[in-house]
Amino acid sequence: MRKFKTTILVALLSIISFHLKAQEPGLNIRVVGKGQPIVLIPGLTCSGEVWDSTIEALDANFEYHIITLPGFAGNEPLADHEGKYLAKMKDEVVKYIQKEKLKKPIIIGHSLGGFLALNIGIQNPDLPSKLVIVDALPFMTGVMMPGMTAEEAKPMAKSMKTQVVASASQPVEGRKAYQRQMLTSMINDPAQIEIATQWAIDSDQETVGESMYEMYTTDIRGELGKIKVPTLVLGAWVAYKSFGSTRESTLKLYTDQYANLKGVKVDMTDIGNHFIMWDDPEFFQNWLKKFL
C-alpha cells in the first residue's frame with residue numbers, strides 16, 4: 001500500500017513539477033517534490049530520467065533537482081566547451097544551487113556526475129551536506145592503467161576523443177549496434193539498454209568526446225581531503241569477473257583511490273553493473289535510505 005501511495009504521489013508531483021533551463025550553458029533541471037534538497041547528476045550521455053525509479057522509491061519528503069547536462073540525451077550542447085566542459089558544468093551546478101538558495105543539498109552523481117559531485121565537494125566544501133558517488137572514481141585511468149599519470153594519459157585520451165567525434169558521421173543503426181554492445185557490460189535489463197542507447201545516439205558526440213578526454217586526463221585523488229562532508233561511494237565489480245576481478249580486489253581499487261577522503265564509506269553491489277540504480281535497486285535504495 002505504501003509503495004502504491006508513493007507511486008501516485010510521485011506521478012502527481014511529476015505533473016506539477018517545473019523545468020528550469022539556464023540560457024548558458026544549458027543545464028536542464030526538473031524539480032520534483034518538497035523538502036530537503038537533493039541534486040541528482042547523471043553520467044555520460046544520460047538523461048536525468050535515469051533517476052526516476054530512485055525518486056519513486058525514496059520518501060516524498062525530499063525536493064529533487066534532476067539535471068540533464070548540455071550535449072547529453074538531446075539537450076542542446078554548449079557553443080564552446082573545448083578543454084573546459086567539466087569545469088563549466090561544476091561551476092554551473094554550483095551557481096544553480098546558490099541561485100535557488102538550496103540549503104545544504106545532498107548531491108548524488110553517477111559516473112561522470114559522480115566525478116562532478118566530487119569536484120563540487122573539493123572546491124565548495126561548505127556547500128553540500130552529503131555526497132553519494134555512484135560508480136565513479138577520482139582518476140579513472142589510474143584503475144585501467146595503474147601507474148599512468150594524467151599527463152601520460154593525454155595521447156590515449158586524445159585518440160579516444162577523435163574516434164568518438166568521428167562516429168557522429170556513421171550510420172545511425174551502426175552507432176546503435178555499437179552502443180548496445182558497449183552497454184551490455186554496464187546494464188542488465190535489455191529494455192534499459194535500449195533507453196540508454198537512445199540517449200547516447202541523441203547526445204552530441206563532440207561533447208561526449210571532450211567529456212571523456214577530460215575525465216581520463218584529470219586526477220583529483222590528491223584533493224579529496226578537501227571534502228568535509230559525509231561521502232558514500234557505491235561501486236560495481238561483477239562485469240569484470242571474467243577478467244579476474246573479485247569483490248575484494250575491486251573494493252581495494254576503490255578504497256585505494258579514495259584513500260585521501262577521511263571517513264568515506266565504500267561498498268560494492270554483487271549483482272549490478274555500472275548503472276547500479278537500475279541493476280540493483282534494492283542495494284542502492286537501501287543504502288540511500290540509511291545514508292540520507
# chains A, B, ... in the order shown; residues from 1 in each chain; ligands from 1

$ residues_around --residues "Lys104 in chain A" --least-positions-apart "2" --cutoff "12 Å" --atoms "only C-alpha atoms" --output "NGL selection string"
:A and (35-39 or 94 or 97-98 or 100-102 or 106-107 or 121 or 124-131 or 229)

$ closest_atom_pairs --of "range 126-167 of chain A" --to "range 193-208 of chain A" --cutoff "12 Å" --atoms "only C-alpha atoms" --output "Markdown table"
| residue | atom | partner | partner_atom | distance |
| --- | --- | --- | --- | --- |
| A:Met160 | CA | A:Val208 | CA | 10.4 |
| A:Lys161 | CA | A:Val208 | CA | 8.0 |
| A:Thr162 | CA | A:Glu206 | CA | 8.9 |
| A:Gln163 | CA | A:Gln205 | CA | 9.7 |
| A:Val164 | CA | A:Gln205 | CA | 6.2 |
| A:Val165 | CA | A:Gln205 | CA | 5.1 |
| A:Ala166 | CA | A:Gln205 | CA | 8.1 |
| A:Ser167 | CA | A:Gln205 | CA | 7.5 |

$ write_last_selection --atoms "C-alpha atoms" --output "mmCIF file, in the first residue's frame"
data_model
loop_
_atom_site.group_PDB
_atom_site.id
_atom_site.type_symbol
_atom_site.label_atom_id
_atom_site.label_comp_id
_atom_site.auth_asym_id
_atom_site.auth_seq_id
_atom_site.Cartn_x
_atom_site.Cartn_y
_atom_site.Cartn_z
ATOM 1 C CA MET A 160 39.646 8.176 -27.978
ATOM 2 C CA LYS A 161 38.105 11.628 -28.338
ATOM 3 C CA THR A 162 38.904 11.718 -32.067
ATOM 4 C CA GLN A 163 37.195 8.361 -32.600
ATOM 5 C CA VAL A 164 34.100 9.415 -30.638
ATOM 6 C CA VAL A 165 33.722 12.676 -32.579
ATOM 7 C CA ALA A 166 34.229 10.880 -35.907
ATOM 8 C CA SER A 167 31.495 8.370 -35.029
#

$ select_by_dssp --residues "range 79-190 of chain A" --states "strand (DSSP E)" --output "MDAnalysis selection string"
chainID A and resid 106:110 130:134

$ atom_distance --atom1 "CA of Phe283 in chain A" --atom2 "CA of Asp256 in chain A"
22.5 Å

$ residues_around --residues "Tyr216 in chain A" --least-positions-apart "6" --cutoff "10 Å" --atoms "only C-alpha atoms" --output "list in words"
Pro138, Phe139, Met140, Thr141, Gly142, Met144, Thr149, Ala150, Glu151, Ala153, Lys154, Met156, Ala157, Lys158 and Met160 of chain A

$ write_last_selection --atoms "N, CA and C atoms" --output "PDB file, in the first residue's frame"
ATOM      1  N   PRO A 138      38.014   9.092  -8.691  1.00  0.00           N
ATOM      2  CA  PRO A 138      38.712  10.370  -8.841  1.00  0.00           C
ATOM      3  C   PRO A 138      39.784  10.364  -9.935  1.00  0.00           C
ATOM      4  N   PHE A 139      40.214   9.191 -10.376  1.00  0.00           N
ATOM      5  CA  PHE A 139      41.119   9.099 -11.522  1.00  0.00           C
ATOM      6  C   PHE A 139      40.890   7.768 -12.213  1.00  0.00           C
ATOM      7  N   MET A 140      40.009   7.767 -13.203  1.00  0.00           N
ATOM      8  CA  MET A 140      39.617   6.547 -13.885  1.00  0.00           C
ATOM      9  C   MET A 140      40.795   5.830 -14.538  1.00  0.00           C
ATOM     10  N   THR A 141      41.686   6.596 -15.152  1.00  0.00           N
ATOM     11  CA  THR A 141      42.824   5.997 -15.844  1.00  0.00           C
ATOM     12  C   THR A 141      43.727   5.238 -14.884  1.00  0.00           C
ATOM     13  N   GLY A 142      43.772   5.683 -13.632  1.00  0.00           N
ATOM     14  CA  GLY A 142      44.619   5.032 -12.644  1.00  0.00           C
ATOM     15  C   GLY A 142      44.209   3.605 -12.340  1.00  0.00           C
ATOM     16  N   MET A 144      42.400   1.698 -14.794  1.00  0.00           N
ATOM     17  CA  MET A 144      42.565   0.999 -16.068  1.00  0.00           C
ATOM     18  C   MET A 144      44.027   0.729 -16.376  1.00  0.00           C
ATOM     19  N   THR A 149      50.153   8.518 -15.343  1.00  0.00           N
ATOM     20  CA  THR A 149      49.772   9.826 -14.830  1.00  0.00           C
ATOM     21  C   THR A 149      48.746  10.478 -15.753  1.00  0.00           C
ATOM     22  N   ALA A 150      48.131  11.541 -15.270  1.00  0.00           N
ATOM     23  CA  ALA A 150      47.160  12.269 -16.080  1.00  0.00           C
ATOM     24  C   ALA A 150      47.809  12.828 -17.348  1.00  0.00           C
ATOM     25  N   GLU A 151      49.044  13.278 -17.216  1.00  0.00           N
ATOM     26  CA  GLU A 151      49.753  13.821 -18.374  1.00  0.00           C
ATOM     27  C   GLU A 151      50.051  12.717 -19.386  1.00  0.00           C
ATOM     28  N   ALA A 153      48.378  10.129 -19.904  1.00  0.00           N
ATOM     29  CA  ALA A 153      47.136   9.611 -20.484  1.00  0.00           C
ATOM     30  C   ALA A 153      46.636  10.449 -21.660  1.00  0.00           C
ATOM     31  N   LYS A 154      47.211  11.621 -21.864  1.00  0.00           N
ATOM     32  CA  LYS A 154      46.672  12.543 -22.879  1.00  0.00           C
ATOM     33  C   LYS A 154      46.673  11.977 -24.311  1.00  0.00           C
ATOM     34  N   MET A 156      46.465   8.850 -25.369  1.00  0.00           N
ATOM     35  CA  MET A 156      45.413   7.839 -25.441  1.00  0.00           C
ATOM     36  C   MET A 156      44.037   8.494 -25.431  1.00  0.00           C
ATOM     37  N   ALA A 157      43.848   9.474 -24.538  1.00  0.00           N
ATOM     38  CA  ALA A 157      42.554  10.145 -24.412  1.00  0.00           C
ATOM     39  C   ALA A 157      42.224  10.964 -25.654  1.00  0.00           C
ATOM     40  N   LYS A 158      43.239  11.561 -26.248  1.00  0.00           N
ATOM     41  CA  LYS A 158      43.019  12.340 -27.472  1.00  0.00           C
ATOM     42  C   LYS A 158      42.570  11.444 -28.616  1.00  0.00           C
ATOM     43  N   MET A 160      41.003   8.592 -28.309  1.00  0.00           N
ATOM     44  CA  MET A 160      39.646   8.176 -27.978  1.00  0.00           C
ATOM     45  C   MET A 160      38.637   9.267 -28.350  1.00  0.00           C
TER      46      MET A 160
END

$ residues_around --residues "Leu253 in chain A" --least-positions-apart "5" --cutoff "9 Å" --atoms "only C-alpha atoms" --output "CSV table (one decimal) with C-alpha atoms, in the first residue's frame"
chain,number,residue,atom,x,y,z
A,143,VAL,CA,42.5,1.9,-12.4
A,248,GLU,CA,37.8,-7.9,-2.7
A,258,TYR,CA,39.6,7.3,-2.1

$ closest_residue --among "A:Arg175, A:Lys265, A:Lys84, A:Lys90" --to "Val134 in chain A" --atoms "only C-alpha atoms"
A:Lys265

$ residues_around --residues "Tyr64 in chain A" --least-positions-apart "5" --cutoff "8 Å" --atoms "only C-alpha atoms" --output "VMD selection string"
chain A and resid 30 to 34 37 to 40 55

$ select_by_dssp --residues "range 72-205 of chain A" --states "alpha helix (DSSP H)" --output "count of residues only"
70

$ residues_around --residues "Arg221 in chain A" --least-positions-apart "2" --cutoff "9 Å" --atoms "only C-alpha atoms" --output "number ranges by chain"
A: 137-139, 219, 223-225, 257-261

$ write_last_selection --atoms "C-alpha atoms" --output "PDB file, in the first residue's frame"
ATOM      1  CA  LEU A 137      36.457   7.356  -9.433  1.00  0.00           C
ATOM      2  CA  PRO A 138      38.712  10.370  -8.841  1.00  0.00           C
ATOM      3  CA  PHE A 139      41.119   9.099 -11.522  1.00  0.00           C
ATOM      4  CA  ASP A 219      43.416  13.199 -11.371  1.00  0.00           C
ATOM      5  CA  GLU A 223      42.490  16.834  -3.443  1.00  0.00           C
ATOM      6  CA  LEU A 224      39.885  14.567  -1.866  1.00  0.00           C
ATOM      7  CA  GLY A 225      40.980  15.614   1.615  1.00  0.00           C
ATOM      8  CA  GLN A 257      41.540   5.679  -4.938  1.00  0.00           C
ATOM      9  CA  TYR A 258      39.567   7.259  -2.094  1.00  0.00           C
ATOM     10  CA  ALA A 259      42.339   6.887   0.494  1.00  0.00           C
ATOM     11  CA  ASN A 260      42.623  10.664   0.996  1.00  0.00           C
ATOM     12  CA  LEU A 261      38.914  11.084   1.771  1.00  0.00           C
TER      13      LEU A 261
END

$ closest_residue --among "A:Met277, A:Leu78, A:Ala236, A:Leu288" --to "Glu49 in chain A" --atoms "only C-alpha atoms"
A:Met277

$ closest_residue --among "A:Val266, A:Asn188, A:Gln181, A:Ile120" --to "Ala87 in chain A" --atoms "only C-alpha atoms"
A:Ile120

$ residues_around --residues "Ala136 in chain A" --least-positions-apart "5" --cutoff "10 Å" --atoms "only C-alpha atoms" --output "JSON, numbers by chain"
{"A": [43, 109, 110, 111, 112, 113, 114, 115, 116, 117, 118, 233, 234, 235, 236, 254, 274]}

$ write_last_selection --atoms "C-alpha atoms" --output "PDB file, in the first residue's frame"
ATOM      1  CA  GLY A  43      26.507  10.164 -16.138  1.00  0.00           C
ATOM      2  CA  GLY A 109      26.166  11.708  -9.001  1.00  0.00           C
ATOM      3  CA  HIS A 110      26.580   8.708 -11.265  1.00  0.00           C
ATOM      4  CA  SER A 111      29.782   8.109 -13.236  1.00  0.00           C
ATOM      5  CA  LEU A 112      30.702  11.491 -14.793  1.00  0.00           C
ATOM      6  CA  GLY A 113      28.087  13.007 -12.494  1.00  0.00           C
ATOM      7  CA  GLY A 114      29.872  11.462  -9.528  1.00  0.00           C
ATOM      8  CA  PHE A 115      33.142  12.990 -10.702  1.00  0.00           C
ATOM      9  CA  LEU A 116      31.423  16.383 -10.847  1.00  0.00           C
ATOM     10  CA  ALA A 117      29.985  15.862  -7.361  1.00  0.00           C
ATOM     11  CA  LEU A 118      33.482  15.164  -6.020  1.00  0.00           C
ATOM     12  CA  VAL A 233      30.766   5.567  -2.668  1.00  0.00           C
ATOM     13  CA  LEU A 234      28.986   2.623  -4.291  1.00  0.00           C
ATOM     14  CA  GLY A 235      30.868   0.572  -6.856  1.00  0.00           C
ATOM     15  CA  ALA A 236      30.348  -2.402  -9.169  1.00  0.00           C
ATOM     16  CA  TYR A 254      38.123   1.847  -4.869  1.00  0.00           C
ATOM     17  CA  HIS A 274      27.751   0.274 -13.860  1.00  0.00           C
TER      18      HIS A 274
END
